[in-house]
>>> print(open('target.tsv').read())   # TSV, C-alpha atoms
chain	number	residue	atom	x	y	z
A	36	MET	CA	-10.92	-30.50	10.57
A	37	ASP	CA	-7.72	-28.53	11.15
A	38	THR	CA	-7.68	-27.55	7.49
A	39	ILE	CA	-11.15	-26.04	7.68
A	40	SER	CA	-10.37	-24.07	10.84
A	41	TYR	CA	-7.13	-22.88	9.22
A	42	TYR	CA	-9.03	-21.66	6.15
A	43	ILE	CA	-11.65	-19.91	8.26
A	44	LYS	CA	-9.01	-18.24	10.44
A	45	GLU	CA	-7.04	-17.05	7.40
A	46	ILE	CA	-10.17	-15.78	5.63
A	47	ILE	CA	-11.22	-13.86	8.76
A	48	ASN	CA	-7.72	-12.41	9.08
A	49	ALA	CA	-7.62	-11.33	5.41
A	50	THR	CA	-11.15	-9.93	5.66
A	51	GLY	CA	-10.14	-7.90	8.72
A	52	LYS	CA	-7.23	-6.41	6.80
A	53	GLY	CA	-9.56	-5.61	3.91
A	54	LEU	CA	-12.10	-3.91	6.15
A	55	LYS	CA	-9.29	-1.83	7.66
A	56	GLY	CA	-8.41	-0.77	4.12
A	57	TYR	CA	-12.05	0.08	3.47
A	58	LEU	CA	-12.11	2.30	6.57
A	59	ILE	CA	-8.92	4.05	5.45
A	60	SER	CA	-10.43	4.65	2.01
A	61	ALA	CA	-13.60	6.09	3.59
A	62	ILE	CA	-11.46	8.52	5.60
A	63	LYS	CA	-9.52	9.52	2.47
A	64	LEU	CA	-12.76	10.16	0.58
A	65	ALA	CA	-14.11	12.24	3.47
A	66	ALA	CA	-10.86	14.24	3.39
A	67	ILE	CA	-11.37	14.92	-0.33
A	68	SER	CA	-14.93	16.02	0.44
A	69	PHE	CA	-13.64	18.28	3.21
A	70	VAL	CA	-11.18	20.01	0.88
A	71	LEU	CA	-13.82	20.51	-1.82
A	72	LEU	CA	-16.32	21.82	0.72
A	73	CYS	CA	-13.75	24.23	2.20
A	74	ILE	CA	-12.94	25.61	-1.24
A	75	GLY	CA	-16.61	25.92	-2.20
A	76	PHE	CA	-17.78	27.44	1.07
A	77	LEU	CA	-14.90	29.91	1.15
A	78	TYR	CA	-15.57	30.90	-2.48
A	79	PHE	CA	-19.30	31.35	-1.81
A	80	GLY	CA	-18.58	33.41	1.31
A	81	ILE	CA	-20.36	31.09	3.74
A	82	ASP	CA	-19.81	31.95	7.42
A	83	PHE	CA	-17.89	29.43	9.51
A	84	TRP	CA	-16.93	27.63	6.31
A	85	PHE	CA	-14.25	25.52	7.98
A	86	LEU	CA	-16.53	24.15	10.70
A	87	LYS	CA	-19.41	23.55	8.32
A	88	ALA	CA	-17.11	21.72	5.89
A	89	LEU	CA	-15.72	19.63	8.74
A	90	GLY	CA	-19.20	18.72	9.99
A	91	ILE	CA	-20.41	17.72	6.54
A	92	ALA	CA	-17.21	15.71	5.92
A	93	VAL	CA	-17.94	13.75	9.11
A	94	PHE	CA	-21.47	13.04	7.81
A	95	ASP	CA	-19.81	11.95	4.56
A	96	LEU	CA	-18.40	8.96	6.44
A	97	ILE	CA	-21.96	7.59	6.74
A	98	PRO	CA	-22.47	5.24	3.79
A	99	ILE	CA	-25.21	6.06	1.26
A	100	LEU	CA	-26.58	9.14	3.06
A	101	GLY	CA	-23.35	11.07	3.54
A	102	SER	CA	-23.08	14.75	2.79
A	103	GLY	CA	-26.47	14.81	1.07
A	104	MET	CA	-28.07	14.36	4.48
A	105	VAL	CA	-26.99	17.94	5.28
A	106	MET	CA	-26.53	19.67	1.94
A	107	ILE	CA	-29.84	18.79	0.26
A	108	PRO	CA	-32.06	20.05	3.11
A	109	TRP	CA	-29.78	23.08	3.51
A	110	ALA	CA	-30.20	23.99	-0.16
A	111	VAL	CA	-33.97	23.38	-0.07
A	112	ILE	CA	-34.38	25.55	3.03
A	113	HIS	CA	-32.50	28.42	1.38
A	114	LEU	CA	-34.58	27.97	-1.76
A	115	LEU	CA	-37.81	28.17	0.26
A	116	LEU	CA	-36.53	31.22	2.13
A	117	GLY	CA	-35.88	32.99	-1.17
A	118	ASN	CA	-32.07	32.77	-1.02
A	119	THR	CA	-31.98	31.22	-4.48
A	120	THR	CA	-28.37	32.11	-5.23
A	121	LEU	CA	-27.06	30.38	-2.11
A	122	ALA	CA	-29.43	27.45	-2.67
A	123	TRP	CA	-28.06	26.93	-6.20
A	124	GLN	CA	-24.48	27.31	-4.98
A	125	ILE	CA	-24.95	24.67	-2.29
A	126	GLY	CA	-26.73	22.40	-4.79
A	127	LEU	CA	-23.98	22.83	-7.37
A	128	LEU	CA	-21.28	22.16	-4.78
A	129	TYR	CA	-23.13	19.01	-3.72
A	130	ILE	CA	-23.32	17.81	-7.34
A	131	ILE	CA	-19.58	18.45	-7.79
A	132	LEU	CA	-18.89	16.60	-4.56
A	133	VAL	CA	-20.95	13.58	-5.62
A	134	VAL	CA	-19.33	13.43	-9.08
A	135	VAL	CA	-15.79	13.68	-7.70
A	136	ARG	CA	-16.54	11.01	-5.08
A	137	GLN	CA	-18.08	8.68	-7.67
A	138	ILE	CA	-14.97	8.98	-9.82
A	139	ALA	CA	-12.45	8.74	-6.96
A	140	GLU	CA	-14.15	6.06	-4.86
A	141	PRO	CA	-13.40	2.96	-6.98
A	142	PHE	CA	-9.77	3.99	-7.37
A	143	ILE	CA	-9.12	4.86	-3.74
A	144	THR	CA	-11.10	1.93	-2.37
A	145	GLY	CA	-9.56	-0.47	-4.86
A	146	LYS	CA	-6.04	0.70	-4.04
A	147	GLU	CA	-6.59	0.39	-0.28
A	148	LEU	CA	-8.17	-3.03	-0.62
A	149	GLY	CA	-5.68	-4.26	-3.20
A	150	ILE	CA	-8.52	-4.92	-5.63
A	151	ARG	CA	-8.79	-3.54	-9.13
A	152	PRO	CA	-11.20	-0.57	-9.30
A	153	LEU	CA	-13.30	-2.37	-11.91
A	154	TYR	CA	-13.88	-5.33	-9.55
A	155	THR	CA	-14.79	-3.03	-6.68
A	156	PHE	CA	-17.19	-1.16	-8.96
A	157	LEU	CA	-18.77	-4.38	-10.29
A	158	ALA	CA	-19.20	-5.81	-6.77
A	159	THR	CA	-20.86	-2.57	-5.68
A	160	VAL	CA	-23.20	-2.47	-8.68
A	161	VAL	CA	-24.22	-6.12	-8.25
A	162	CYS	CA	-24.84	-5.61	-4.53
A	163	ILE	CA	-26.89	-2.47	-5.19
A	164	LEU	CA	-29.01	-4.42	-7.68
A	165	LEU	CA	-29.48	-7.28	-5.22
A	166	PHE	CA	-29.84	-5.41	-1.93
A	167	GLY	CA	-30.81	-1.85	-2.87
A	168	PRO	CA	-29.11	1.16	-1.27
A	169	ILE	CA	-27.46	-0.92	1.47
A	170	GLY	CA	-25.67	-2.74	-1.35
A	171	ALA	CA	-23.45	0.31	-1.79
A	172	VAL	CA	-21.79	-0.60	1.50
A	173	LEU	CA	-22.01	-4.35	1.00
A	174	GLY	CA	-20.27	-4.13	-2.40
A	175	ALA	CA	-16.89	-3.27	-0.93
A	176	VAL	CA	-17.34	-5.80	1.89
A	177	VAL	CA	-18.25	-8.55	-0.60
A	178	ALA	CA	-15.22	-7.65	-2.71
A	179	VAL	CA	-13.01	-7.88	0.41
A	180	VAL	CA	-14.41	-11.28	1.39
A	181	ILE	CA	-14.08	-12.70	-2.14
A	182	LYS	CA	-10.50	-11.41	-2.36
A	183	ALA	CA	-9.71	-12.98	1.04
A	184	ILE	CA	-11.16	-16.34	0.00
A	185	LEU	CA	-9.28	-16.31	-3.30
A	186	GLU	CA	-6.01	-15.35	-1.59
A	187	VAL	CA	-6.29	-18.02	1.08
A	188	THR	CA	-7.24	-20.78	-1.36
A	189	SER	CA	-4.50	-19.70	-3.78
A	190	VAL	CA	-1.80	-19.69	-1.12
A	191	SER	CA	-3.04	-23.00	0.26
A	192	ARG	CA	-3.10	-24.55	-3.22
A	193	ASN	CA	0.49	-23.40	-3.84
A	194	ASN	CA	1.63	-24.81	-0.49
A	195	TYR	CA	-0.16	-28.08	-1.24
A	196	ASP	CA	1.50	-28.33	-4.64
A	197	LYS	CA	4.95	-27.70	-3.12
A	198	HIS	CA	4.50	-30.38	-0.48
A	199	ARG	CA	3.13	-32.83	-3.01
A	200	ARG	CA	6.25	-32.70	-5.19
>>> encode(input="target.tsv", output="structure tokens")
Amino acid sequence: MDTISYYIKEIINATGKGLKGYLISAIKLAAISFVLLCIGFLYFGIDFWFLKALGIAVFDLIPILGSGMVMIPWAVIHLLLGNTTLAWQIGLLYIILVVVRQIAEPFITGKELGIRPLYTFLATVVCILLFGPIGAVLGAVVAVVIKAILEVTSVSRNNYDKHRR
């Protein structure tokens, strides 16, 4: 029974470290979004560009919805009001933001979690297929838990082999 409780405690500990890494990667990605938004808003001449970029970057921390929760309605409202140039600029900036995040996310998240970007990406895709949009968040969590289980069982196996000799 002690072995099982040891495994569970070690898996929970490793998962906690992984989730901390996931949080750090989310903050790094939001910082990238903030910089891109600042550059775009400043270039487009948007008033209060710094505060608007900061606010949207905070929304970017929300999984799945993120910056689109603000930028898509903002662009649509300007389009309906006849400010087509600003609407297209906001839409283009949002597309750039999404593309950059999609490219950077597996690398940053994988580095913070200590998991290869391909594995993080595959776990995310599988979870999206199984659970829909919420799978985008679950993918990284599943990758963290699998890594924790593999680490704990690997270390335990090595310790067992050493003691057996």
>>> closest_atom_pairs(input="target.tsv", of="range 90-200 of chain A", to="range 54-74 of chain A", cutoff="9 Å", atoms="only C-alpha atoms", output="Markdown table")
| residue | atom | partner | partner_atom | distance |
| --- | --- | --- | --- | --- |
| A:Gly90 | CA | A:Phe69 | CA | 8.8 |
| A:Ile91 | CA | A:Phe69 | CA | 7.6 |
| A:Ala92 | CA | A:Phe69 | CA | 5.2 |
| A:Val93 | CA | A:Ala65 | CA | 7.0 |
| A:Phe94 | CA | A:Ala65 | CA | 8.6 |
| A:Asp95 | CA | A:Ala65 | CA | 5.8 |
| A:Leu96 | CA | A:Ala65 | CA | 6.2 |
| A:Pro98 | CA | A:Ala61 | CA | 8.9 |
| A:Ser102 | CA | A:Ser68 | CA | 8.6 |
| A:Leu128 | CA | A:Leu72 | CA | 7.4 |
| A:Tyr129 | CA | A:Leu72 | CA | 8.6 |
| A:Ile131 | CA | A:Leu71 | CA | 8.5 |
| A:Leu132 | CA | A:Ser68 | CA | 6.4 |
| A:Val133 | CA | A:Ser68 | CA | 8.9 |
| A:Val135 | CA | A:Ser68 | CA | 8.5 |
| A:Arg136 | CA | A:Leu64 | CA | 6.9 |
| A:Ala139 | CA | A:Leu64 | CA | 7.7 |
| A:Glu140 | CA | A:Leu64 | CA | 7.0 |
| A:Ile143 | CA | A:Ser60 | CA | 5.9 |
| A:Thr144 | CA | A:Ser60 | CA | 5.2 |
| A:Gly145 | CA | A:Ser60 | CA | 8.6 |
| A:Lys146 | CA | A:Ser60 | CA | 8.5 |
| A:Glu147 | CA | A:Gly56 | CA | 4.9 |
| A:Leu148 | CA | A:Gly56 | CA | 5.3 |
| A:Gly149 | CA | A:Gly56 | CA | 8.6 |
| A:Ala175 | CA | A:Tyr57 | CA | 7.3 |
| A:Val176 | CA | A:Leu54 | CA | 7.0 |
| A:Val179 | CA | A:Leu54 | CA | 7.0 |
>>> residues_around(input="target.tsv", residues="Ala183 in chain A", least_positions_apart="3", cutoff="7 Å", atoms="all atoms listed in the file", output="list of chain:residue names")
A:Ile46, A:Ala49, A:Thr50, A:Val179, A:Val180, A:Glu186, A:Val187
>>> write_last_selection(input="target.tsv", atoms="C-alpha atoms", output="mmCIF file, in the coordinates of the input")
data_model
loop_
_atom_site.group_PDB
_atom_site.id
_atom_site.type_symbol
_atom_site.label_atom_id
_atom_site.label_comp_id
_atom_site.auth_asym_id
_atom_site.auth_seq_id
_atom_site.Cartn_x
_atom_site.Cartn_y
_atom_site.Cartn_z
ATOM 1 C CA ILE A 46 -10.170 -15.780 5.630
ATOM 2 C CA ALA A 49 -7.620 -11.330 5.410
ATOM 3 C CA THR A 50 -11.150 -9.930 5.660
ATOM 4 C CA VAL A 179 -13.010 -7.880 0.410
ATOM 5 C CA VAL A 180 -14.410 -11.280 1.390
ATOM 6 C CA GLU A 186 -6.010 -15.350 -1.590
ATOM 7 C CA VAL A 187 -6.290 -18.020 1.080
#
>>> residues_around(input="target.tsv", residues="Tyr154 in chain A", least_positions_apart="4", cutoff="9 Å", atoms="only C-alpha atoms", output="ChimeraX atom specification")
/A:141,145,150,158-159,178
>>> closest_residue(input="target.tsv", among="A:Ile39, A:Leu89, A:Gly53, A:Asp82", to="Val177 in chain A", atoms="only C-alpha atoms")
A:Gly53
>>> closest_residue(input="target.tsv", among="A:Gly80, A:Val160, A:Ile181, A:Phe142", to="Gln124 in chain A", atoms="all atoms listed in the file")
A:Gly80
>>> closest_residue(input="target.tsv", among="A:Leu127, A:Leu100, A:Leu185, A:Met106", to="Ile169 in chain A", atoms="all atoms listed in the file")
A:Leu100
>>> axis_aligned_box(input="target.tsv", around="range 59-71 of chain A", padding_each_side="3 Å", output="lines of an AutoDock Vina configuration file")
center_x = -11.9
center_y = 12.3
center_z = 1.9
size_x = 12.0
size_y = 22.5
size_z = 13.4
>>> residues_around(input="target.tsv", residues="range 109-113 of chain A", least_positions_apart="2", cutoff="12 Å", atoms="only C-alpha atoms", output="list in words")
Lys87, Ile91, Ser102, Gly103, Met104, Val105, Met106, Ile107, Leu115, Leu116, Gly117, Asn118, Thr119, Thr120, Leu121, Ala122, Trp123, Gln124, Ile125, Gly126, Leu127, Leu128, Tyr129 and Ile130 of chain A
>>> atom_distance(input="target.tsv", atom1="CA of Leu157 in chain A", atom2="CA of Ile138 in chain A")
13.9 Å
>>> atom_distance(input="target.tsv", atom1="CA of Leu173 in chain A", atom2="CA of Pro108 in chain A")
26.5 Å
>>> closest_residue(input="target.tsv", among="A:Leu164, A:Ala88, A:Leu77, A:Ile43", to="Thr188 in chain A", atoms="only C-alpha atoms")
A:Ile43
>>> build_atoms(input="target.tsv", residues="range 149-175 of chain A", atoms="N, CA, C and O atoms", output="PDB file, in the coordinates of the input")
ATOM      1  N   GLY A 149      -6.506  -3.420  -2.341  1.00  0.00           N
ATOM      2  CA  GLY A 149      -5.680  -4.260  -3.200  1.00  0.00           C
ATOM      3  C   GLY A 149      -6.500  -4.960  -4.266  1.00  0.00           C
ATOM      4  O   GLY A 149      -6.144  -6.034  -4.730  1.00  0.00           O
ATOM      5  N   ILE A 150      -7.617  -4.354  -4.615  1.00  0.00           N
ATOM      6  CA  ILE A 150      -8.520  -4.920  -5.630  1.00  0.00           C
ATOM      7  C   ILE A 150      -8.604  -3.921  -6.773  1.00  0.00           C
ATOM      8  O   ILE A 150      -8.633  -2.720  -6.562  1.00  0.00           O
ATOM      9  N   ARG A 151      -8.658  -4.430  -7.981  1.00  0.00           N
ATOM     10  CA  ARG A 151      -8.790  -3.540  -9.130  1.00  0.00           C
ATOM     11  C   ARG A 151     -10.078  -2.720  -9.021  1.00  0.00           C
ATOM     12  O   ARG A 151     -11.117  -3.251  -8.607  1.00  0.00           O
ATOM     13  N   PRO A 152     -10.001  -1.428  -9.397  1.00  0.00           N
ATOM     14  CA  PRO A 152     -11.200  -0.570  -9.300  1.00  0.00           C
ATOM     15  C   PRO A 152     -12.408  -1.144 -10.019  1.00  0.00           C
ATOM     16  O   PRO A 152     -13.531  -1.021  -9.540  1.00  0.00           O
ATOM     17  N   LEU A 153     -12.186  -1.798 -11.165  1.00  0.00           N
ATOM     18  CA  LEU A 153     -13.300  -2.370 -11.910  1.00  0.00           C
ATOM     19  C   LEU A 153     -14.024  -3.436 -11.081  1.00  0.00           C
ATOM     20  O   LEU A 153     -15.254  -3.492 -11.050  1.00  0.00           O
ATOM     21  N   TYR A 154     -13.260  -4.280 -10.366  1.00  0.00           N
ATOM     22  CA  TYR A 154     -13.880  -5.330  -9.550  1.00  0.00           C
ATOM     23  C   TYR A 154     -14.660  -4.735  -8.381  1.00  0.00           C
ATOM     24  O   TYR A 154     -15.735  -5.212  -8.047  1.00  0.00           O
ATOM     25  N   THR A 155     -14.090  -3.703  -7.766  1.00  0.00           N
ATOM     26  CA  THR A 155     -14.790  -3.030  -6.680  1.00  0.00           C
ATOM     27  C   THR A 155     -16.092  -2.424  -7.194  1.00  0.00           C
ATOM     28  O   THR A 155     -17.150  -2.542  -6.567  1.00  0.00           O
ATOM     29  N   PHE A 156     -16.013  -1.781  -8.347  1.00  0.00           N
ATOM     30  CA  PHE A 156     -17.190  -1.160  -8.960  1.00  0.00           C
ATOM     31  C   PHE A 156     -18.238  -2.216  -9.292  1.00  0.00           C
ATOM     32  O   PHE A 156     -19.422  -2.049  -8.989  1.00  0.00           O
ATOM     33  N   LEU A 157     -17.820  -3.320  -9.918  1.00  0.00           N
ATOM     34  CA  LEU A 157     -18.770  -4.380 -10.290  1.00  0.00           C
ATOM     35  C   LEU A 157     -19.424  -4.995  -9.053  1.00  0.00           C
ATOM     36  O   LEU A 157     -20.642  -5.241  -9.048  1.00  0.00           O
ATOM     37  N   ALA A 158     -18.631  -5.239  -8.007  1.00  0.00           N
ATOM     38  CA  ALA A 158     -19.200  -5.810  -6.770  1.00  0.00           C
ATOM     39  C   ALA A 158     -20.220  -4.853  -6.176  1.00  0.00           C
ATOM     40  O   ALA A 158     -21.288  -5.275  -5.714  1.00  0.00           O
ATOM     41  N   THR A 159     -19.932  -3.564  -6.219  1.00  0.00           N
ATOM     42  CA  THR A 159     -20.860  -2.570  -5.680  1.00  0.00           C
ATOM     43  C   THR A 159     -22.142  -2.518  -6.505  1.00  0.00           C
ATOM     44  O   THR A 159     -23.247  -2.500  -5.947  1.00  0.00           O
ATOM     45  N   VAL A 160     -22.019  -2.515  -7.822  1.00  0.00           N
ATOM     46  CA  VAL A 160     -23.200  -2.470  -8.680  1.00  0.00           C
ATOM     47  C   VAL A 160     -24.073  -3.711  -8.477  1.00  0.00           C
ATOM     48  O   VAL A 160     -25.293  -3.608  -8.329  1.00  0.00           O
ATOM     49  N   VAL A 161     -23.455  -4.880  -8.443  1.00  0.00           N
ATOM     50  CA  VAL A 161     -24.220  -6.120  -8.250  1.00  0.00           C
ATOM     51  C   VAL A 161     -24.925  -6.095  -6.896  1.00  0.00           C
ATOM     52  O   VAL A 161     -26.109  -6.446  -6.794  1.00  0.00           O
ATOM     53  N   CYS A 162     -24.217  -5.656  -5.857  1.00  0.00           N
ATOM     54  CA  CYS A 162     -24.840  -5.610  -4.530  1.00  0.00           C
ATOM     55  C   CYS A 162     -25.961  -4.573  -4.460  1.00  0.00           C
ATOM     56  O   CYS A 162     -26.961  -4.797  -3.773  1.00  0.00           O
ATOM     57  N   ILE A 163     -25.812  -3.454  -5.159  1.00  0.00           N
ATOM     58  CA  ILE A 163     -26.890  -2.470  -5.190  1.00  0.00           C
ATOM     59  C   ILE A 163     -28.115  -3.055  -5.886  1.00  0.00           C
ATOM     60  O   ILE A 163     -29.254  -2.875  -5.432  1.00  0.00           O
ATOM     61  N   LEU A 164     -27.897  -3.789  -6.978  1.00  0.00           N
ATOM     62  CA  LEU A 164     -29.010  -4.420  -7.680  1.00  0.00           C
ATOM     63  C   LEU A 164     -29.696  -5.478  -6.824  1.00  0.00           C
ATOM     64  O   LEU A 164     -30.921  -5.615  -6.852  1.00  0.00           O
ATOM     65  N   LEU A 165     -28.907  -6.215  -6.044  1.00  0.00           N
ATOM     66  CA  LEU A 165     -29.480  -7.280  -5.220  1.00  0.00           C
ATOM     67  C   LEU A 165     -30.091  -6.782  -3.922  1.00  0.00           C
ATOM     68  O   LEU A 165     -31.144  -7.269  -3.496  1.00  0.00           O
ATOM     69  N   PHE A 166     -29.430  -5.804  -3.273  1.00  0.00           N
ATOM     70  CA  PHE A 166     -29.840  -5.410  -1.930  1.00  0.00           C
ATOM     71  C   PHE A 166     -30.322  -3.968  -1.813  1.00  0.00           C
ATOM     72  O   PHE A 166     -30.617  -3.500  -0.719  1.00  0.00           O
ATOM     73  N   GLY A 167     -30.369  -3.242  -2.927  1.00  0.00           N
ATOM     74  CA  GLY A 167     -30.810  -1.850  -2.870  1.00  0.00           C
ATOM     75  C   GLY A 167     -29.710  -0.940  -2.345  1.00  0.00           C
ATOM     76  O   GLY A 167     -28.529  -1.250  -2.471  1.00  0.00           O
ATOM     77  N   PRO A 168     -30.091   0.167  -1.729  1.00  0.00           N
ATOM     78  CA  PRO A 168     -29.110   1.160  -1.270  1.00  0.00           C
ATOM     79  C   PRO A 168     -28.051   0.603  -0.325  1.00  0.00           C
ATOM     80  O   PRO A 168     -26.902   1.003  -0.366  1.00  0.00           O
ATOM     81  N   ILE A 169     -28.423  -0.352   0.536  1.00  0.00           N
ATOM     82  CA  ILE A 169     -27.460  -0.920   1.470  1.00  0.00           C
ATOM     83  C   ILE A 169     -26.358  -1.686   0.721  1.00  0.00           C
ATOM     84  O   ILE A 169     -25.259  -1.887   1.218  1.00  0.00           O
ATOM     85  N   GLY A 170     -26.658  -2.057  -0.517  1.00  0.00           N
ATOM     86  CA  GLY A 170     -25.670  -2.740  -1.350  1.00  0.00           C
ATOM     87  C   GLY A 170     -24.456  -1.890  -1.666  1.00  0.00           C
ATOM     88  O   GLY A 170     -23.387  -2.415  -1.975  1.00  0.00           O
ATOM     89  N   ALA A 171     -24.590  -0.566  -1.561  1.00  0.00           N
ATOM     90  CA  ALA A 171     -23.450   0.310  -1.790  1.00  0.00           C
ATOM     91  C   ALA A 171     -22.359   0.058  -0.761  1.00  0.00           C
ATOM     92  O   ALA A 171     -21.173   0.137  -1.067  1.00  0.00           O
ATOM     93  N   VAL A 172     -22.759  -0.269   0.450  1.00  0.00           N
ATOM     94  CA  VAL A 172     -21.790  -0.600   1.500  1.00  0.00           C
ATOM     95  C   VAL A 172     -21.351  -2.051   1.355  1.00  0.00           C
ATOM     96  O   VAL A 172     -20.165  -2.373   1.471  1.00  0.00           O
ATOM     97  N   LEU A 173     -22.310  -2.923   1.090  1.00  0.00           N
ATOM     98  CA  LEU A 173     -22.010  -4.350   1.000  1.00  0.00           C
ATOM     99  C   LEU A 173     -21.075  -4.675  -0.167  1.00  0.00           C
ATOM    100  O   LEU A 173     -20.325  -5.643  -0.095  1.00  0.00           O
ATOM    101  N   GLY A 174     -21.105  -3.856  -1.227  1.00  0.00           N
ATOM    102  CA  GLY A 174     -20.270  -4.130  -2.400  1.00  0.00           C
ATOM    103  C   GLY A 174     -18.801  -4.219  -2.050  1.00  0.00           C
ATOM    104  O   GLY A 174     -18.119  -5.182  -2.423  1.00  0.00           O
ATOM    105  N   ALA A 175     -18.302  -3.258  -1.315  1.00  0.00           N
ATOM    106  CA  ALA A 175     -16.890  -3.270  -0.930  1.00  0.00           C
ATOM    107  C   ALA A 175     -16.606  -4.432   0.021  1.00  0.00           C
ATOM    108  O   ALA A 175     -15.570  -5.095  -0.088  1.00  0.00           O
TER     109      ALA A 175
END
